[in-house]
>>> print(open('work08.cif').read())   # mmCIF, C-alpha atoms
data_final
#
loop_
_atom_site.label_atom_id
_atom_site.label_comp_id
_atom_site.auth_asym_id
_atom_site.auth_seq_id
_atom_site.Cartn_x
_atom_site.Cartn_y
_atom_site.Cartn_z
CA MET H 298 13.72 -19.33 -19.57
CA GLU H 299 11.79 -18.84 -16.37
CA VAL H 300 13.35 -16.18 -14.16
CA PRO H 301 14.45 -17.62 -10.80
CA THR H 302 12.52 -16.26 -7.87
CA LEU H 303 14.05 -15.57 -4.47
CA GLY H 304 11.32 -15.94 -1.91
CA HIS H 305 8.44 -18.41 -2.18
CA ASN H 306 8.66 -22.19 -1.88
CA LEU H 307 11.97 -22.07 -0.05
CA SER H 308 11.68 -25.67 1.10
CA SER H 309 11.67 -27.12 -2.41
CA PRO H 310 14.79 -29.31 -2.83
CA MET H 311 15.23 -28.13 -6.40
CA SER H 312 14.49 -24.48 -5.67
CA PRO H 313 16.96 -22.13 -7.43
CA CYS H 314 17.31 -20.17 -4.24
CA GLU H 315 18.10 -20.95 -0.67
CA GLY H 316 16.02 -18.12 0.69
CA MET H 317 16.20 -15.87 3.67
CA ILE H 318 18.64 -17.12 6.31
CA LYS H 319 16.50 -17.89 9.37
CA ASN H 320 19.03 -19.83 11.44
CA LEU H 321 22.48 -21.33 11.17
CA SER H 322 21.19 -24.78 10.22
CA LEU H 323 20.29 -23.57 6.72
CA ASP H 324 23.60 -23.78 4.87
CA ALA H 325 25.44 -23.60 8.22
CA ILE H 326 26.77 -20.09 7.68
CA GLN H 327 26.70 -16.74 9.35
CA LEU H 328 27.17 -13.87 6.94
CA CYS H 329 29.63 -11.03 7.31
CA ASP H 330 28.61 -7.40 6.96
CA ARG H 331 29.57 -5.03 4.16
CA ASP H 332 32.78 -4.15 5.99
CA GLY H 333 33.85 -7.79 6.07
CA ASN H 334 33.29 -8.27 9.82
CA LYS H 335 32.18 -11.74 10.92
CA SER H 336 31.64 -13.68 14.11
CA GLN H 337 33.95 -16.33 15.51
CA ASP H 338 31.54 -19.04 14.34
CA SER H 339 31.29 -17.71 10.82
CA GLY H 340 31.42 -20.09 7.85
CA ILE H 341 32.98 -17.34 5.73
CA LEU H 342 36.57 -17.93 4.70
CA GLU H 343 39.00 -15.19 3.78
CA MET H 344 38.13 -12.94 0.86
CA GLU H 345 39.18 -14.49 -2.45
CA GLU H 346 39.62 -13.13 -5.93
CA LEU H 347 36.03 -13.69 -6.92
CA PRO H 348 34.47 -11.17 -9.30
CA VAL H 349 32.74 -8.25 -7.59
CA PRO H 350 29.31 -7.43 -9.04
CA GLN H 351 29.45 -4.20 -11.07
CA ASN H 352 26.80 -1.85 -12.51
CA ILE H 353 23.92 -3.27 -10.49
CA LYS H 354 20.54 -2.67 -12.10
CA ILE H 355 17.15 -2.84 -10.36
CA SER H 356 14.05 -3.23 -12.55
CA ASN H 357 10.47 -4.50 -12.59
CA ILE H 358 9.84 -3.09 -9.12
CA THR H 359 6.49 -3.95 -7.52
CA CYS H 360 5.20 -3.51 -3.97
CA ASP H 361 6.83 -6.78 -2.85
CA SER H 362 9.38 -7.78 -5.50
CA PHE H 363 12.09 -6.56 -7.84
CA LYS H 364 14.52 -7.89 -10.42
CA ILE H 365 18.25 -7.47 -9.97
CA CYS H 366 21.13 -8.03 -12.34
CA TRP H 367 24.77 -6.99 -12.59
CA GLU H 368 27.94 -7.38 -14.60
CA MET H 369 30.97 -9.42 -13.54
CA GLU H 370 34.53 -9.81 -14.67
CA PRO H 371 34.96 -13.18 -16.40
CA GLN H 372 37.88 -14.49 -14.32
CA ALA H 373 36.89 -17.10 -11.74
CA LYS H 374 33.27 -16.69 -12.78
CA GLU H 375 32.87 -20.44 -13.12
CA ARG H 376 33.77 -20.84 -9.42
CA ILE H 377 30.77 -18.84 -8.24
CA THR H 378 28.13 -21.04 -6.62
CA HIS H 379 26.06 -18.49 -4.71
CA TYR H 380 25.07 -14.84 -4.45
CA PHE H 381 24.70 -13.03 -1.13
CA ILE H 382 22.22 -10.15 -1.25
CA ASP H 383 22.23 -7.59 1.56
CA LEU H 384 18.83 -5.88 1.63
CA ASN H 385 18.04 -3.15 4.16
CA LYS H 386 15.48 -0.45 4.65
CA LYS H 387 17.14 2.83 3.89
CA GLU H 388 16.48 4.30 7.31
CA ASN H 389 18.59 1.49 8.77
CA LYS H 390 21.88 1.91 6.95
CA ASN H 391 23.81 -0.42 9.28
CA SER H 392 23.93 -3.71 7.43
CA ASN H 393 23.44 -7.14 8.94
CA LYS H 394 21.38 -5.92 11.90
CA PHE H 395 19.27 -8.71 13.35
CA LYS H 396 15.52 -8.14 13.57
CA HIS H 397 15.40 -11.13 15.92
CA LYS H 398 18.18 -13.18 17.44
CA ASP H 399 18.78 -15.52 14.50
CA VAL H 400 17.30 -13.59 11.58
CA PRO H 401 19.82 -11.50 9.65
CA THR H 402 18.82 -9.29 6.75
CA LYS H 403 20.88 -11.27 4.24
CA LEU H 404 19.43 -13.37 1.44
CA VAL H 405 21.22 -16.29 -0.20
CA ALA H 406 20.60 -17.64 -3.70
CA LYS H 407 22.31 -20.18 -5.87
CA ALA H 408 24.22 -18.71 -8.80
CA VAL H 409 21.44 -18.77 -11.37
CA PRO H 410 21.19 -16.84 -14.64
CA LEU H 411 20.44 -13.14 -14.24
CA PRO H 412 18.23 -11.18 -13.85
CA MET H 413 16.99 -12.68 -10.62
CA THR H 414 13.63 -11.91 -9.06
CA VAL H 415 13.64 -11.14 -5.34
CA ARG H 416 10.16 -11.56 -3.91
CA GLY H 417 8.81 -11.80 -0.39
CA HIS H 418 6.19 -9.82 1.53
CA TRP H 419 7.83 -10.76 4.85
CA PHE H 420 10.84 -8.54 4.09
CA LEU H 421 9.59 -6.16 1.37
CA SER H 422 6.96 -3.51 1.99
CA PRO H 423 5.33 -1.13 -0.54
CA ARG H 424 6.39 2.50 -0.84
CA THR H 425 9.59 1.85 1.11
CA GLU H 426 13.16 2.91 0.37
CA TYR H 427 15.75 0.12 0.41
CA THR H 428 19.47 -0.30 -0.10
CA VAL H 429 20.94 -3.41 -1.68
CA ALA H 430 24.47 -4.74 -2.18
CA VAL H 431 25.71 -8.06 -3.59
CA GLN H 432 28.61 -10.47 -3.02
CA THR H 433 29.58 -13.48 -5.09
CA ALA H 434 30.51 -16.61 -3.18
CA SER H 435 32.02 -20.04 -3.70
CA LYS H 436 30.84 -22.86 -1.46
CA HIS H 437 33.51 -25.39 -0.54
CA THR H 438 32.97 -29.09 0.10
CA ASP H 439 33.32 -28.56 3.85
CA GLY H 440 30.41 -26.11 3.80
CA ASP H 441 32.48 -22.95 4.22
CA TYR H 442 32.25 -20.06 1.77
CA ALA H 443 34.80 -17.90 0.04
CA VAL H 444 33.37 -14.50 -0.87
CA SER H 445 34.13 -11.48 -2.99
CA GLU H 446 34.16 -7.90 -1.79
CA TRP H 447 30.75 -6.26 -1.50
CA SER H 448 29.47 -4.39 -4.51
CA GLU H 449 28.50 -0.75 -4.47
CA ILE H 450 25.29 0.07 -2.58
CA ILE H 451 22.22 0.74 -4.73
CA GLU H 452 19.06 2.49 -3.53
CA PHE H 453 15.51 1.91 -4.79
CA THR H 454 11.90 2.38 -3.69
CA THR H 455 9.21 -0.30 -3.88
CA ALA H 456 5.97 0.46 -5.69
CA ASP H 457 2.34 0.99 -4.65
CA TYR H 458 -0.29 -1.72 -4.61
CA SER H 459 -1.28 -2.75 -8.12
CA THR H 460 -4.90 -3.19 -9.21
CA VAL H 461 -4.43 -6.92 -8.53
CA HIS H 462 -3.64 -6.22 -4.87
CA LEU H 463 -6.45 -3.67 -4.59
CA THR H 464 -8.91 -6.18 -6.06
CA GLN H 465 -7.91 -8.58 -3.28
CA LEU H 466 -8.66 -5.84 -0.74
CA LEU H 467 -11.95 -5.10 -2.48
CA GLU H 468 -13.02 -8.74 -2.25
CA LYS H 469 -12.20 -8.83 1.47
CA ALA H 470 -14.20 -5.63 2.00
CA GLU H 471 -17.20 -7.10 0.19
CA VAL H 472 -17.35 -9.93 2.71
CA ILE H 473 -18.16 -7.62 5.62
CA SER H 474 -19.95 -4.76 3.83
CA GLY H 475 -23.43 -5.80 5.02
CA ARG H 476 -26.79 -4.87 3.57
CA MET H 477 -27.45 -1.68 1.65
CA LEU H 478 -29.28 1.24 3.28
CA PRO H 479 -30.84 4.22 1.47
CA PHE H 480 -29.35 7.70 1.72
CA SER H 481 -30.01 11.03 0.01
CA VAL H 482 -27.09 13.38 0.76
CA PHE H 483 -23.32 13.49 0.90
CA TYR H 484 -21.93 15.59 3.75
CA ARG H 485 -18.59 17.09 4.69
CA ASN H 486 -17.70 18.44 8.13
CA GLN H 487 -15.05 21.07 8.82
CA ASN H 488 -14.59 23.96 11.21
CA LYS H 489 -16.32 27.27 10.51
CA GLU H 490 -13.06 28.92 9.40
CA TYR H 491 -12.70 26.41 6.56
CA PHE H 492 -16.00 27.45 5.02
CA ASP H 493 -15.26 31.13 5.58
CA GLN H 494 -12.05 30.72 3.61
CA ALA H 495 -13.88 28.85 0.84
CA ARG H 496 -16.24 31.80 0.46
CA GLN H 497 -13.73 34.62 0.81
CA VAL H 498 -10.59 33.21 -0.84
CA HIS H 499 -11.64 30.38 -3.16
CA GLY H 500 -14.65 31.88 -4.91
CA ASN H 501 -17.25 30.07 -2.79
CA ARG H 502 -15.69 26.72 -3.65
CA MET H 503 -14.18 23.86 -1.70
CA LEU H 504 -10.96 22.90 -3.46
CA PRO H 505 -9.45 19.40 -3.69
CA ALA H 506 -6.44 18.64 -1.48
CA ILE H 507 -3.89 15.84 -1.72
CA LYS H 508 -5.01 12.78 0.21
CA ASP H 509 -3.21 12.12 3.49
CA ASN H 510 -1.38 8.87 4.36
CA SER H 511 -4.25 7.16 6.16
CA GLY H 512 -5.09 3.57 5.31
CA SER H 513 -2.96 0.91 3.66
CA HIS H 514 0.71 1.78 3.32
CA GLY H 515 0.65 0.61 -0.29
CA SER H 516 -2.39 2.61 -1.37
CA PRO H 517 -1.68 4.33 -4.72
CA ILE H 518 -3.88 7.31 -3.86
CA SER H 519 -2.17 8.36 -0.61
CA GLY H 520 -0.11 11.49 -1.13
CA LYS H 521 -1.02 11.57 -4.83
CA LEU H 522 -4.75 11.90 -5.52
CA ALA H 523 -6.38 15.27 -4.93
CA GLY H 524 -9.97 15.35 -3.76
CA LEU H 525 -12.57 16.30 -1.18
CA TYR H 526 -13.60 13.84 1.53
CA PHE H 527 -17.35 13.25 1.89
CA SER H 528 -19.40 10.88 4.03
CA CYS H 529 -22.74 9.29 3.32
CA ASN H 530 -23.29 6.83 6.18
CA THR H 531 -26.58 7.20 7.99
CA GLU H 532 -27.82 6.31 11.45
CA PHE H 533 -29.72 3.05 11.47
CA ASN H 534 -32.62 4.32 13.56
CA THR H 535 -33.18 7.65 11.76
CA GLY H 536 -31.90 7.07 8.22
CA LYS H 537 -30.18 10.46 8.45
CA PRO H 538 -26.54 11.54 8.82
CA PRO H 539 -25.21 11.35 12.40
CA GLN H 540 -25.03 14.57 14.38
CA ASP H 541 -21.48 13.94 15.62
CA SER H 542 -18.29 14.27 13.57
CA PRO H 543 -14.52 14.07 14.14
CA TYR H 544 -13.81 16.89 11.68
CA GLY H 545 -15.79 19.90 12.83
CA ARG H 546 -19.25 21.09 13.85
CA THR H 547 -20.00 22.88 10.58
CA ARG H 548 -21.43 20.68 7.85
CA PHE H 549 -21.91 21.04 4.12
CA GLU H 550 -24.69 18.85 2.71
CA VAL H 551 -25.33 18.24 -0.99
CA LYS H 552 -27.92 16.08 -2.73
CA ALA H 553 -26.43 12.75 -3.70
CA GLU H 554 -27.29 13.08 -7.41
CA ILE H 555 -25.14 16.19 -7.79
CA LEU H 556 -21.94 14.27 -7.06
CA PHE H 557 -23.02 10.73 -7.96
CA ASN H 558 -24.79 10.11 -11.26
CA PRO H 559 -24.34 8.22 -14.56
CA LYS H 560 -21.73 10.80 -15.63
CA THR H 561 -19.56 9.90 -12.62
CA ASN H 562 -17.17 6.97 -12.42
CA LEU H 563 -16.77 5.08 -9.16
CA TYR H 564 -13.53 3.43 -7.98
CA PHE H 565 -12.43 1.32 -5.03
CA GLY H 566 -9.53 2.96 -3.20
CA ASP H 567 -8.74 1.12 0.05
CA PHE H 568 -9.94 -1.03 2.95
CA TYR H 569 -8.50 -0.64 6.45
CA CYS H 570 -9.03 -0.38 10.19
CA MET H 571 -7.29 1.48 13.02
CA TYR H 572 -6.91 -1.16 15.75
CA THR H 573 -10.68 -1.05 16.34
CA ALA H 574 -13.72 -3.08 15.30
CA TYR H 575 -14.66 -0.40 12.75
CA HIS H 576 -13.58 -0.90 9.17
CA TYR H 577 -13.29 1.81 6.55
CA VAL H 578 -13.68 1.63 2.79
CA ILE H 579 -12.35 4.47 0.65
CA LEU H 580 -14.20 5.09 -2.61
CA VAL H 581 -13.43 7.65 -5.30
CA LEU H 582 -16.05 9.54 -7.30
CA ALA H 583 -14.61 11.12 -10.45
CA PRO H 584 -16.57 12.92 -13.19
CA GLN H 585 -15.98 11.12 -16.47
CA GLY H 586 -13.00 12.51 -18.37
CA SER H 587 -11.72 14.61 -15.46
CA PRO H 588 -8.05 14.53 -14.39
CA GLY H 589 -9.07 12.55 -11.32
CA ASP H 590 -10.84 10.03 -13.53
CA ASP H 591 -7.72 9.59 -15.68
CA PHE H 592 -5.61 9.08 -12.55
CA CYS H 593 -7.95 6.43 -11.15
CA LYS H 594 -8.43 4.51 -14.40
CA ALA H 595 -4.76 3.58 -14.42
CA ARG H 596 -4.54 2.63 -10.74
CA LEU H 597 -7.83 1.60 -9.12
CA PRO H 598 -10.47 -1.10 -9.68
CA SER H 599 -13.62 0.44 -11.15
CA LEU H 600 -17.06 -0.32 -9.76
CA ASP H 601 -20.43 -0.54 -11.49
CA ILE H 602 -22.40 2.37 -10.01
CA ALA H 603 -25.62 0.34 -10.13
CA ASN H 604 -24.24 -2.97 -8.88
CA ASN H 605 -21.60 -3.11 -6.16
CA ARG H 606 -21.48 -3.81 -2.42
CA PHE H 607 -20.59 -0.33 -1.20
CA LEU H 608 -22.31 2.59 -2.94
CA THR H 609 -25.00 2.44 -5.64
CA CYS H 610 -27.09 4.71 -7.81
CA THR H 611 -30.04 2.97 -9.48
CA VAL H 612 -33.34 3.76 -11.18
CA ASP H 613 -36.12 1.17 -10.95
CA GLU H 614 -37.44 1.59 -14.47
CA GLU H 615 -39.53 -1.60 -14.29
CA ALA H 616 -41.53 -0.05 -11.46
CA GLY H 617 -41.94 3.14 -13.47
CA GLY H 618 -39.41 5.05 -11.47
CA THR H 619 -37.52 7.99 -12.94
CA GLU H 620 -35.63 9.30 -9.91
CA PRO H 621 -32.33 7.74 -8.85
CA VAL H 622 -32.18 5.79 -5.61
CA PHE H 623 -28.94 5.81 -3.58
CA ARG H 624 -27.72 3.17 -1.13
CA HIS H 625 -24.63 2.70 1.03
CA ALA H 626 -23.18 -0.34 2.79
CA GLN H 627 -24.32 -0.62 6.40
CA ASP H 628 -21.39 -2.40 8.06
CA VAL H 629 -18.42 -0.36 6.86
CA ILE H 630 -17.69 3.35 7.20
CA LEU H 631 -17.42 4.86 3.75
CA GLU H 632 -14.96 7.64 3.01
CA VAL H 633 -15.88 9.06 -0.39
CA ILE H 634 -13.34 11.20 -2.24
CA TYR H 635 -14.74 13.54 -4.89
CA THR H 636 -11.98 14.63 -7.23
CA GLU H 637 -13.26 18.04 -8.38
CA PRO H 638 -14.00 21.43 -6.70
CA VAL H 639 -17.50 21.79 -5.24
CA ASP H 640 -19.37 25.09 -5.12
CA LEU H 641 -21.01 25.79 -1.78
CA ALA H 642 -24.04 27.09 -3.68
CA LEU H 643 -24.82 23.49 -4.67
CA GLY H 644 -25.76 22.61 -1.09
CA THR H 645 -26.28 23.97 2.39
CA VAL H 646 -23.92 24.84 5.24
CA ALA H 647 -25.15 24.56 8.83
CA GLU H 648 -23.94 23.69 12.30
CA ILE H 649 -24.62 20.21 13.63
CA SER H 650 -26.15 19.66 17.05
CA GLY H 651 -23.70 16.97 18.16
CA HIS H 652 -20.08 16.93 19.20
CA GLN H 653 -16.70 16.95 17.47
CA LEU H 654 -15.33 13.51 18.32
CA MET H 655 -11.63 14.01 17.62
CA SER H 656 -10.74 10.45 18.65
CA LEU H 657 -12.58 9.10 15.60
CA SER H 658 -10.56 11.08 13.08
CA THR H 659 -8.82 9.01 10.40
CA PHE H 660 -6.37 11.76 9.43
CA ASN H 661 -3.02 10.04 8.69
CA ALA H 662 -4.35 7.01 10.57
CA LYS H 663 -2.11 3.94 10.42
CA LYS H 664 -3.64 0.66 9.36
CA ASP H 665 -3.56 -2.24 11.81
CA PRO H 666 -1.11 -4.67 10.14
CA SER H 667 -2.30 -7.60 12.26
CA CYS H 668 -5.98 -7.47 11.29
CA LYS H 669 -6.91 -10.60 9.33
CA THR H 670 -10.08 -8.97 8.02
CA CYS H 671 -8.49 -6.14 6.03
CA ASN H 672 -4.93 -7.26 5.22
CA ILE H 673 -3.63 -9.21 2.25
CA SER H 674 -0.43 -11.22 1.81
CA VAL H 675 1.76 -8.40 0.56
CA GLY H 676 3.45 -5.56 2.41
CA ARG H 677 0.97 -3.70 4.59
#
>>> encode(input="work08.cif", output="structure tokens")
Amino acid sequence: MEVPTLGHNLSSPMSPCEGMIKNLSLDAIQLCDRDGNKSQDSGILEMEELPVPQNIKISNITCDSFKICWEMEPQAKERITHYFIDLNKKENKNSNKFKHKDVPTKLVAKAVPLPMTVRGHWFLSPRTEYTVAVQTASKHTDGDYAVSEWSEIIEFTTADYSTVHLTQLLEKAEVISGRMLPFSVFYRNQNKEYFDQARQVHGNRMLPAIKDNSGSHGSPISGKLAGLYFSCNTEFNTGKPPQDSPYGRTRFEVKAEILFNPKTNLYFGDFYCMYTAYHYVILVLAPQGSPGDDFCKARLPSLDIANNRFLTCTVDEEAGGTEPVFRHAQDVILEVIYTEPVDLALGTVAEISGHQLMSLSTFNAKKDPSCKTCNISVGR
């Protein structure tokens, strides 16, 4: 039996759900809160002896859906015509607060077999804590409802983007990536003290750190994947790295082939912007078989290192070439995360001649949820 879905296709006359209450014309009711309070115009009758949902279980949680089921006492069960589901973000524990004048946080569904799937990106966001409670209801011929007491309140957290969602982001990023330009080095800017500490405390190595919360809210690498941020974008007129940086005036440069070669796997991590015309693509470089590689295999779309729209490593064997050639996308800013420690002896450290442009930093930058270029139809 197909599991009923609460969310899409709400206008279907045979839909098993009646959807999110957007105004009083849909079912002509106004729902009471968990304390039983209701307005003077409410279509809720007095509480009746309807079974109260018990032992609520949440399962199959994704970034924009979940399944819910519960147990009920058998008496009066046949009188139940609807379920009222009170869904709230955990930080807003006051139930039935209106986001807009006529849009409560309640959901209404016909009494269909359980478990029921609740799905909808307009009220579910990834990586977000929610509370949920349930009432059973009986709709009378005059349109009024009798309801049970509210169930206990259950808490749950929605999931990260899946590889399906990330592939949608990847495809949107490919559209604007532009032509491929050659490059020869990866570079990483920090302040001088960072490199001093790497030499004196960490055995001359830069150590991976947990990624910040920049980018898409549903990104599975934010706050979880450890790595080192590198850049590889070049200036169009010189073909060399820019002399300005948001992250510090001291730069480590390393030849591209040291970090990016046939023994390295490449993954797509995210696509976002920060309320500007610039768009960023996060890529992950992970040595094959490393812990970072294992993490990414289960969560991120993989890219062919010789054939993708963002970052490539190729050898033109037909032309007799033996040295790898590296290219990066021109029209997006690439943020490349390398998942393993890097020894400073593998490259050079020097001061750049430009400025530290702090305003361009993406540290913990929030994605613009209104941008049509880099958003998909799930929670932002």
>>> resolve_selection(input="work08.cif", expression="the PyMOL selection byres ((chain H and resi 602) around 12)", output="PyMOL selection string")
chain H and resi 557-565+580-583+599-601+603-612+621-625
>>> residues_near_point(input="work08.cif", point="(-27.7, 27.5, -1.0)", cutoff="12 Å", atoms="only C-alpha atoms", output="number ranges by chain")
H: 501, 549-552, 640-647
>>> resolve_selection(input="work08.cif", expression="the PyMOL selection byres ((chain H and resi 472) around 12)", output="list in words")
Gln465, Leu466, Leu467, Glu468, Lys469, Ala470, Glu471, Ile473, Ser474, Gly475, Arg476, Phe568, His576, Asn605, Arg606, Phe607, Ala626, Asp628, Val629, Thr670 and Cys671 of chain H
>>> resolve_selection(input="work08.cif", expression="the PyMOL selection byres ((chain H and resi 367) around 7)", output="count of residues only")
8
>>> atom_distance(input="work08.cif", atom1="CA of Asp567 in chain H", atom2="CA of Ile579 in chain H")
5.0 Å
>>> residues_around(input="work08.cif", residues="range 380-388 of chain H", least_positions_apart="3", cutoff="8 Å", atoms="all atoms listed in the file", output="PyMOL selection string")
chain H and resi 377+392-393+402-408+425-434+452
>>> write_last_selection(input="work08.cif", atoms="C-alpha atoms", output="compact mmCIF listing (two decimals), in the frame of the given file")
# COMPACT_ATOMS: atom_id res chain seq x y z
CA ILE H 377 30.77 -18.84 -8.24
CA SER H 392 23.93 -3.71 7.43
CA ASN H 393 23.44 -7.14 8.94
CA THR H 402 18.82 -9.29 6.75
CA LYS H 403 20.88 -11.27 4.24
CA LEU H 404 19.43 -13.37 1.44
CA VAL H 405 21.22 -16.29 -0.20
CA ALA H 406 20.60 -17.64 -3.70
CA LYS H 407 22.31 -20.18 -5.87
CA ALA H 408 24.22 -18.71 -8.80
CA THR H 425 9.59 1.85 1.11
CA GLU H 426 13.16 2.91 0.37
CA TYR H 427 15.75 0.12 0.41
CA THR H 428 19.47 -0.30 -0.10
CA VAL H 429 20.94 -3.41 -1.68
CA ALA H 430 24.47 -4.74 -2.18
CA VAL H 431 25.71 -8.06 -3.59
CA GLN H 432 28.61 -10.47 -3.02
CA THR H 433 29.58 -13.48 -5.09
CA ALA H 434 30.51 -16.61 -3.18
CA GLU H 452 19.06 2.49 -3.53
>>> closest_residue(input="work08.cif", among="H:Leu421, H:Val349, H:Leu478, H:Cys360", to="Phe533 in chain H", atoms="all atoms listed in the file")
H:Leu478
>>> closest_atom_pairs(input="work08.cif", of="range 390-495 of chain H", to="range 509-514 of chain H", cutoff="10 Å", atoms="only C-alpha atoms", output="JSON lines")
{"residue": "H:Ser422", "atom": "CA", "partner": "H:His514", "partner_atom": "CA", "distance": 8.3}
{"residue": "H:Pro423", "atom": "CA", "partner": "H:His514", "partner_atom": "CA", "distance": 6.7}
{"residue": "H:Arg424", "atom": "CA", "partner": "H:His514", "partner_atom": "CA", "distance": 7.1}
{"residue": "H:Thr425", "atom": "CA", "partner": "H:His514", "partner_atom": "CA", "distance": 9.2}
{"residue": "H:Asp457", "atom": "CA", "partner": "H:His514", "partner_atom": "CA", "distance": 8.2}
{"residue": "H:Tyr458", "atom": "CA", "partner": "H:His514", "partner_atom": "CA", "distance": 8.7}
{"residue": "H:Leu466", "atom": "CA", "partner": "H:Ser513", "partner_atom": "CA", "distance": 9.9}
>>> write_last_selection(input="work08.cif", atoms="C-alpha atoms", output="mmCIF file, keeping the file's coordinate frame")
data_model
loop_
_atom_site.group_PDB
_atom_site.id
_atom_site.type_symbol
_atom_site.label_atom_id
_atom_site.label_comp_id
_atom_site.auth_asym_id
_atom_site.auth_seq_id
_atom_site.Cartn_x
_atom_site.Cartn_y
_atom_site.Cartn_z
ATOM 1 C CA SER H 422 6.960 -3.510 1.990
ATOM 2 C CA PRO H 423 5.330 -1.130 -0.540
ATOM 3 C CA ARG H 424 6.390 2.500 -0.840
ATOM 4 C CA THR H 425 9.590 1.850 1.110
ATOM 5 C CA ASP H 457 2.340 0.990 -4.650
ATOM 6 C CA TYR H 458 -0.290 -1.720 -4.610
ATOM 7 C CA LEU H 466 -8.660 -5.840 -0.740
#
>>> atom_distance(input="work08.cif", atom1="CA of Leu556 in chain H", atom2="CA of Tyr544 in chain H")
20.6 Å
>>> atom_distance(input="work08.cif", atom1="CA of Asn530 in chain H", atom2="CA of Ala553 in chain H")
11.9 Å
>>> closest_residue(input="work08.cif", among="H:Gly651, H:Val633, H:Leu522, H:Gly536", to="Gly589 in chain H", atoms="all atoms listed in the file")
H:Leu522
>>> closest_residue(input="work08.cif", among="H:Ile518, H:Leu347, H:Val498, H:Leu525", to="Ala443 in chain H", atoms="all atoms listed in the file")
H:Leu347
>>> closest_residue(input="work08.cif", among="H:Pro348, H:Ser542, H:Pro517, H:Thr535", to="Trp447 in chain H", atoms="only C-alpha atoms")
H:Pro348
>>> closest_residue(input="work08.cif", among="H:Arg548, H:Lys508, H:Arg596, H:Lys521", to="Phe660 in chain H", atoms="all atoms listed in the file")
H:Lys508
>>> closest_residue(input="work08.cif", among="H:Ile450, H:Ile649, H:Ile507, H:Ala662", to="Lys489 in chain H", atoms="all atoms listed in the file")
H:Ile649
>>> residues_around(input="work08.cif", residues="range 571-574 of chain H", least_positions_apart="6", cutoff="9 Å", atoms="only C-alpha atoms", output="CSV table (one decimal) with C-alpha atoms, keeping the file's coordinate frame")
chain,number,residue,atom,x,y,z
H,512,GLY,CA,-5.1,3.6,5.3
H,659,THR,CA,-8.8,9.0,10.4
H,662,ALA,CA,-4.4,7.0,10.6
H,663,LYS,CA,-2.1,3.9,10.4
H,664,LYS,CA,-3.6,0.7,9.4
H,665,ASP,CA,-3.6,-2.2,11.8
H,666,PRO,CA,-1.1,-4.7,10.1
H,667,SER,CA,-2.3,-7.6,12.3
H,668,CYS,CA,-6.0,-7.5,11.3
